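Q: Input structure: coords35.cif, which contains mmCIF, C-alpha atoms.
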data_coords
#
loop_
_atom_site.label_atom_id
_atom_site.label_comp_id
_atom_site.auth_asym_id
_atom_site.auth_seq_id
_atom_site.Cartn_x
_atom_site.Cartn_y
_atom_site.Cartn_z
CA MET A 20 109.98 111.84 67.05
CA GLU A 21 112.05 108.82 68.06
CA GLY A 22 113.92 109.47 71.28
CA THR A 23 112.35 112.78 72.17
CA ILE A 24 110.72 113.85 75.43
CA PRO A 25 108.51 116.95 75.56
CA LEU A 26 109.88 119.86 77.59
CA SER A 27 106.56 120.08 79.43
CA TYR A 28 107.16 116.66 81.01
CA TYR A 29 110.35 117.88 82.65
CA ILE A 30 108.63 121.05 83.85
CA THR A 31 105.78 118.96 85.27
CA VAL A 32 108.18 116.77 87.24
CA SER A 33 109.96 119.90 88.45
CA ALA A 34 106.69 121.50 89.59
CA ILE A 35 105.64 118.31 91.41
CA LEU A 36 108.99 118.03 93.20
CA PHE A 37 108.88 121.71 94.17
CA THR A 38 105.37 121.32 95.57
CA MET A 39 106.41 118.28 97.59
CA GLY A 40 109.33 120.24 99.01
CA ALA A 41 106.99 123.06 100.02
CA LEU A 42 104.61 120.51 101.55
CA GLY A 43 107.50 119.03 103.52
CA VAL A 44 108.38 122.44 104.91
CA LEU A 45 104.77 122.92 105.98
CA ILE A 46 103.96 119.57 107.56
CA ARG A 47 107.21 118.31 109.11
CA ARG A 48 108.39 119.52 112.49
CA ASN A 49 111.89 118.04 112.52
CA ALA A 50 114.16 120.93 111.54
CA LEU A 51 116.50 118.59 109.64
CA ILE A 52 113.69 117.27 107.46
CA VAL A 53 112.42 120.81 106.85
CA PHE A 54 115.94 121.59 105.70
CA MET A 55 116.03 118.56 103.39
CA SER A 56 112.72 119.70 101.89
CA ILE A 57 114.32 123.05 101.09
CA GLU A 58 117.09 121.14 99.28
CA LEU A 59 114.37 119.30 97.35
CA MET A 60 112.86 122.62 96.25
CA LEU A 61 116.26 123.94 95.12
CA ASN A 62 116.76 120.73 93.19
CA ALA A 63 113.39 121.07 91.45
CA ALA A 64 114.32 124.59 90.38
CA ASN A 65 117.64 123.27 89.06
CA LEU A 66 115.84 120.67 86.99
CA ALA A 67 113.69 123.37 85.39
CA PHE A 68 116.82 125.45 84.72
CA VAL A 69 118.58 122.60 82.93
CA ALA A 70 115.45 121.65 80.98
CA PHE A 71 114.98 125.19 79.67
CA SER A 72 118.72 125.49 79.02
CA SER A 73 118.63 122.33 76.94
CA SER A 74 115.47 123.48 75.18
CA TYR A 75 116.87 126.86 74.13
CA GLY A 76 120.31 125.47 73.37
CA VAL A 77 122.20 127.90 75.61
CA LEU A 78 124.54 127.13 78.47
CA ASP A 79 123.44 129.92 80.83
CA GLY A 80 120.92 127.69 82.59
CA GLN A 81 123.60 125.15 83.43
CA ILE A 82 125.84 127.91 84.79
CA PHE A 83 122.99 129.09 86.99
CA VAL A 84 122.58 125.55 88.29
CA PHE A 85 126.26 125.59 89.16
CA PHE A 86 125.77 128.78 91.18
CA VAL A 87 122.64 127.42 92.85
CA MET A 88 124.62 124.37 93.95
CA THR A 89 127.29 126.63 95.46
CA VAL A 90 124.67 128.63 97.33
CA ALA A 91 123.04 125.39 98.49
CA ALA A 92 126.36 124.11 99.85
CA ALA A 93 126.94 127.37 101.74
CA GLU A 94 123.36 127.32 103.00
CA VAL A 95 123.69 123.75 104.25
CA ALA A 96 126.92 124.50 106.12
CA VAL A 97 125.48 127.54 107.90
CA GLY A 98 122.06 125.98 108.44
CA LEU A 99 123.39 122.78 109.98
CA ALA A 100 125.67 124.86 112.21
CA LEU A 101 122.59 126.79 113.33
CA ILE A 102 120.70 123.55 113.99
CA VAL A 103 123.60 122.22 116.08
CA ALA A 104 123.74 125.50 118.03
CA ILE A 105 119.98 125.42 118.64
CA PHE A 106 120.17 121.78 119.73
CA ARG A 107 122.88 122.70 122.24
CA SER A 108 120.81 125.40 123.86
CA LYS A 109 117.30 123.89 123.68
CA HIS A 110 118.04 120.13 123.43
CA SER A 111 115.45 119.81 120.67
CA ILE A 112 115.26 120.46 116.96
CA ASP A 113 111.49 120.56 116.87
CA VAL A 114 110.61 123.74 115.01
CA ASP A 115 107.60 124.23 117.29
CA GLN A 116 109.96 124.61 120.23
CA MET A 117 111.81 127.51 118.64
CA SER A 118 109.42 130.13 119.92
CA SER A 119 111.62 132.07 122.34
CA LEU A 120 111.05 135.32 120.49
CA LYS A 121 107.29 135.05 120.87
CA GLY A 122 106.03 138.07 122.82
CA MET B 18 106.12 104.85 73.12
CA ASP B 19 109.83 104.71 72.61
CA SER B 20 112.44 103.59 75.06
CA MET B 21 113.52 107.10 76.12
CA LEU B 22 109.99 107.96 77.17
CA ILE B 23 109.71 104.74 79.17
CA LEU B 24 113.00 105.55 80.88
CA PHE B 25 111.76 109.05 81.61
CA ILE B 26 108.53 107.80 83.13
CA ILE B 27 110.35 105.30 85.35
CA LEU B 28 112.73 108.03 86.53
CA ALA B 29 109.89 110.49 87.11
CA LEU B 30 108.02 107.90 89.19
CA ALA B 31 111.16 107.10 91.19
CA SER B 32 111.91 110.75 91.88
CA VAL B 33 108.34 111.60 92.91
CA LEU B 34 108.03 108.48 95.08
CA SER B 35 111.35 109.17 96.79
CA ALA B 36 110.21 112.74 97.48
CA LEU B 37 107.01 111.28 98.95
CA GLY B 38 109.14 108.95 101.06
CA LEU B 39 111.03 111.98 102.35
CA LEU B 40 107.75 113.53 103.41
CA VAL B 41 106.28 110.54 105.22
CA SER B 42 109.29 108.74 106.70
CA ARG B 43 109.42 108.77 110.50
CA SER B 44 113.18 108.49 110.81
CA ALA B 45 115.46 111.31 109.70
CA VAL B 46 118.03 108.80 108.42
CA TYR B 47 115.49 107.21 106.09
CA ALA B 48 114.45 110.67 104.92
CA ALA B 49 118.07 111.49 104.09
CA LEU B 50 118.46 108.24 102.14
CA PHE B 51 115.25 108.94 100.20
CA LEU B 52 116.67 112.35 99.36
CA VAL B 53 119.88 110.73 98.07
CA LEU B 54 117.75 108.55 95.78
CA ASN B 55 115.91 111.64 94.58
CA PHE B 56 119.19 113.42 93.83
CA ALA B 57 120.41 110.41 91.86
CA CYS B 58 117.20 110.40 89.78
CA VAL B 59 117.58 114.10 89.05
CA ALA B 60 121.22 113.50 88.06
CA ILE B 61 120.04 110.97 85.47
CA PHE B 62 117.53 113.58 84.24
CA TYR B 63 120.48 115.92 83.72
CA LEU B 64 122.23 113.23 81.68
CA LEU B 65 119.08 112.82 79.56
CA LEU B 66 119.05 116.59 79.05
CA GLY B 67 122.64 116.60 77.82
CA ALA B 68 124.29 118.19 80.85
CA PRO B 69 126.92 115.67 81.95
CA PHE B 70 128.95 118.16 83.98
CA ILE B 71 125.91 119.22 86.02
CA ALA B 72 124.98 115.56 86.51
CA LEU B 73 128.39 114.71 87.94
CA THR B 74 128.38 117.85 90.10
CA GLN B 75 124.96 116.83 91.36
CA ILE B 76 126.28 113.43 92.44
CA THR B 77 129.47 114.71 94.04
CA VAL B 78 128.16 117.89 95.67
CA TYR B 79 124.57 117.00 96.56
CA ALA B 80 124.50 113.24 96.99
CA GLY B 81 128.08 113.20 98.20
CA ALA B 82 129.03 116.21 100.27
CA ILE B 83 125.73 117.73 101.34
CA MET B 84 123.99 114.49 102.28
CA VAL B 85 127.03 113.21 104.16
CA LEU B 86 126.93 116.46 106.13
CA PHE B 87 123.23 115.88 106.81
CA LEU B 88 123.78 112.29 107.94
CA PHE B 89 126.67 113.40 110.11
CA VAL B 90 124.49 115.96 111.89
CA ILE B 91 121.68 113.39 112.28
CA MET B 92 124.10 110.98 113.93
CA LEU B 93 125.58 113.77 116.05
CA LEU B 94 122.28 114.98 117.41
CA GLY B 95 120.55 111.63 117.69
CA ALA B 96 117.69 113.51 116.13
CA GLU B 97 115.87 110.49 114.78
CA LYS B 98 114.52 109.87 118.26
CA LEU B 99 112.42 113.01 118.13
CA PRO B 100 109.61 112.79 120.68
CA LYS B 101 106.19 113.25 119.22
CA GLY B 102 104.93 116.62 120.31
CA THR B 103 101.42 117.99 120.33
CA SER B 104 100.35 118.70 116.81
CA LEU B 105 97.95 121.27 115.54
CA PRO B 106 94.96 119.34 114.19
CA TRP B 107 94.31 121.66 111.25
CA GLN B 108 97.94 121.96 110.20
CA ARG B 109 98.20 118.94 107.91
CA PRO B 110 94.98 119.37 105.89
CA LEU B 111 95.68 123.09 105.54
CA ALA B 112 99.22 122.37 104.32
CA ILE B 113 97.99 119.80 101.80
CA GLY B 114 95.36 122.23 100.55
CA LEU B 115 97.93 124.99 100.16
CA ALA B 116 100.29 122.62 98.34
CA ALA B 117 97.51 121.62 95.96
CA ILE B 118 96.84 125.30 95.26
CA LEU B 119 100.56 125.87 94.66
CA LEU B 120 100.77 122.95 92.24
CA PHE B 121 97.67 124.10 90.37
CA GLU B 122 98.96 127.64 90.20
CA ALA B 123 102.40 126.62 89.00
CA GLY B 124 100.93 124.30 86.38
CA PHE B 125 98.44 126.94 85.25
CA LEU B 126 101.07 129.66 84.91
CA LEU B 127 103.63 127.43 83.24
CA PHE B 128 101.28 125.92 80.72
CA GLN B 129 99.09 128.94 80.13
CA ARG B 130 101.72 131.63 79.74
CA LEU B 131 104.58 129.65 78.24
CA GLN B 132 104.03 127.95 74.96
CA MET B 133 105.98 124.80 75.66
CA THR B 134 105.64 122.82 72.52
CA ALA B 135 109.33 122.06 72.27
CA THR B 136 110.50 118.49 72.48
CA LEU B 137 113.97 117.69 73.68
CA ALA B 138 115.89 115.33 71.50
CA GLN B 139 117.88 112.62 73.13
CA PRO B 140 121.44 113.93 73.37
CA ASP B 141 123.74 112.37 70.86
CA ALA B 142 127.27 111.29 71.62
CA GLN B 143 128.50 114.75 70.65
CA VAL B 144 126.88 116.34 73.72
CA ASN B 145 128.47 113.96 76.18
CA SER B 146 131.94 114.75 74.94
CA MET B 147 134.73 116.91 76.28
CA GLU B 148 133.71 119.70 73.91
CA ALA B 149 130.49 120.51 75.79
CA ILE B 150 132.30 120.69 79.11
CA ARG B 151 134.96 122.91 77.56
CA SER B 152 132.40 125.38 76.26
CA LEU B 153 130.72 125.38 79.69
CA GLY B 154 134.03 126.22 81.31
CA LEU B 155 134.76 128.95 78.77
CA THR B 156 131.38 130.57 79.45
CA LEU B 157 131.90 130.27 83.20
CA PHE B 158 135.33 131.87 83.16
CA SER B 159 134.62 134.64 80.65
CA GLN B 160 131.02 135.83 80.76
CA TYR B 161 130.33 134.75 84.33
CA LEU B 162 133.77 135.43 85.84
CA LEU B 163 132.60 138.01 88.39
CA PRO B 164 129.75 135.85 89.80
CA PHE B 165 132.19 132.95 89.97
CA GLU B 166 134.59 135.00 92.09
CA VAL B 167 131.72 136.21 94.27
CA THR B 168 130.76 132.60 95.01
CA SER B 169 134.24 132.02 96.39
CA ILE B 170 133.65 134.84 98.87
CA LEU B 171 130.24 133.34 99.67
CA LEU B 172 131.82 129.99 100.44
CA LEU B 173 134.46 131.66 102.62
CA VAL B 174 131.77 133.54 104.56
CA ALA B 175 129.76 130.34 104.97
CA MET B 176 132.81 128.48 106.25
CA ILE B 177 133.65 131.18 108.78
CA GLY B 178 129.99 131.42 109.79
CA ALA B 179 129.72 127.68 110.39
CA ILE B 180 132.86 127.70 112.53
CA VAL B 181 131.77 130.73 114.56
CA LEU B 182 128.25 129.38 115.13
CA THR B 183 129.39 126.01 116.45
CA LYS B 184 132.43 127.19 118.41
CA GLN B 185 132.24 126.31 122.08
CA GLU B 186 132.86 129.49 124.01
CA LYS B 187 135.42 128.64 126.66
CA GLY B 188 135.21 130.87 129.69
CA ALA B 189 133.05 133.36 127.87
CA SER B 190 129.88 132.31 129.63
CA VAL B 191 130.28 134.46 132.72
#
For this file, produce the structure as structure tokens.
A:
Amino acid sequence: MEGTIPLSYYITVSAILFTMGALGVLIRRNALIVFMSIELMLNAANLAFVAFSSSYGVLDGQIFVFFVMTVAAAEVAVGLALIVAIFRSKHSIDVDQMSSLKG
Amino acid sequence: MDSMLILFIILALASVLSALGLLVSRSAVYAALFLVLNFACVAIFYLLLGAPFIALTQITVYAGAIMVLFLFVIMLLGAEKLPKGTSLPWQRPLAIGLAAILLFEAGFLLFQRLQMTATLAQPDAQVNSMEAIRSLGLTLFSQYLLPFEVTSILLLVAMIGAIVLTKQEKGASV
């Protein structure tokens, strides 16, 4: 048992990080920090992917992490462009201010 | 208690505390730097799990490219000087309660339904060699070739979308 770490420890850390990301989305009002919390959630899912991949001895989990990173990069580019566009029109990135569609 | 477990616990504490710092920090710049620390911790987790390629991609793509983009936008917007708006009084306790339910639910499902008795051995020197990265590349370019090509289209669409969204319309605002 020398030098081994149970798989459940990694999954626990991943679940805690995911929950904190979800909490950040719920309690923060700065759109940039909400966005960073989403990155934190993606990262927690990646950690679980790699842990299971390492546990089962297959590479597919690592390949999925690669794809998730690509999607995250695309998401960040479009999302930050949206935030800049919203800031230009409303001069605020407070998510509570983005209520123009409210009837 | 062997040395790998101690290292794991230190890293787990650092990653959870940096995530907590992201949640509570007032300034967006500090939040971004806490997130960089969190990404670095997760990259070391990947190294412990025997995924050196993913660890390096994590550092270059997440901690490098994505966070520089974030910091750039924070500087551009001056968003750290966000005025404190009126807050809903029940929002924070409700959010913490919901997060606690989520954590309980995730833990319950993961540990009740999955029989996770496996322990992960510390990767030997064989894992951190060129051979592991070569087999990863072979899998990526044979079994997952179509998804790989689709991601290139996704990146192209994202690039065009970012340019179109931020383009100043000259003379179009009539």
Q: Check which residues satisfy the PyMOL selection byres ((chain A and resi 107) around 12) in the file shown, then give them as a list in words.
A: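 When the PyMOL selection byres ((chain A and resi 107) around 12) is applied to the shown file, the picked residues are Ala100, Leu101, Ile102, Val103, Ala104, Ile105, Phe106, Ser108, Lys109, His110, Ser111 and Ile112 of chain A; Leu93, Leu94, Leu182, Thr183, Lys184 and Gln185 of chain B.
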Q: Running the PyMOL selection byres ((chain A) within 8 of (chain B)) on this model by hand, what would come out? Give it as a ChimeraX atom specification.
A: /A:21-27,31-32,34-36,38-43,45-47,49,51-52,55-56,59,62,66,69-70,73-74,78,81-82,84-86,88-90,92-97,99-101,103-104,106,111-113
Q: One decimal, in Å: what's the spacing between atom CA of A:Ser118 and atom CA of B:Trp107?
A: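 Computing the Euclidean distance for atom CA of A:Ser118 and atom CA of B:Trp107 yields 19.4 Å.
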Q: Report the centre and edge lengths, in Å to one decimal, of an axis-aligned box enclosing every atom of stretch 26-37 of chain B listed in the file, padded by 6 Å on each side, as lines of an AutoDock Vina configuration file.
A:
center_x = 109.9
center_y = 109.0
center_z = 91.0
size_x = 17.7
size_y = 19.4
size_z = 27.8
Q: So the first atom is atom CA of A:Val87 and the second is atom CA of A:Asn65; what is the distance between them in Å, to one decimal place?
A: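 Atom-to-atom, atom CA of A:Val87 and atom CA of A:Asn65 are spaced 7.5 Å apart.
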Q: To one decimal in Å, tell me the separation between atom CA of B:Phe51 and atom CA of A:Leu61.
A: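 If I compute the distance from atom CA of B:Phe51 to atom CA of A:Leu61, I get 15.9 Å.
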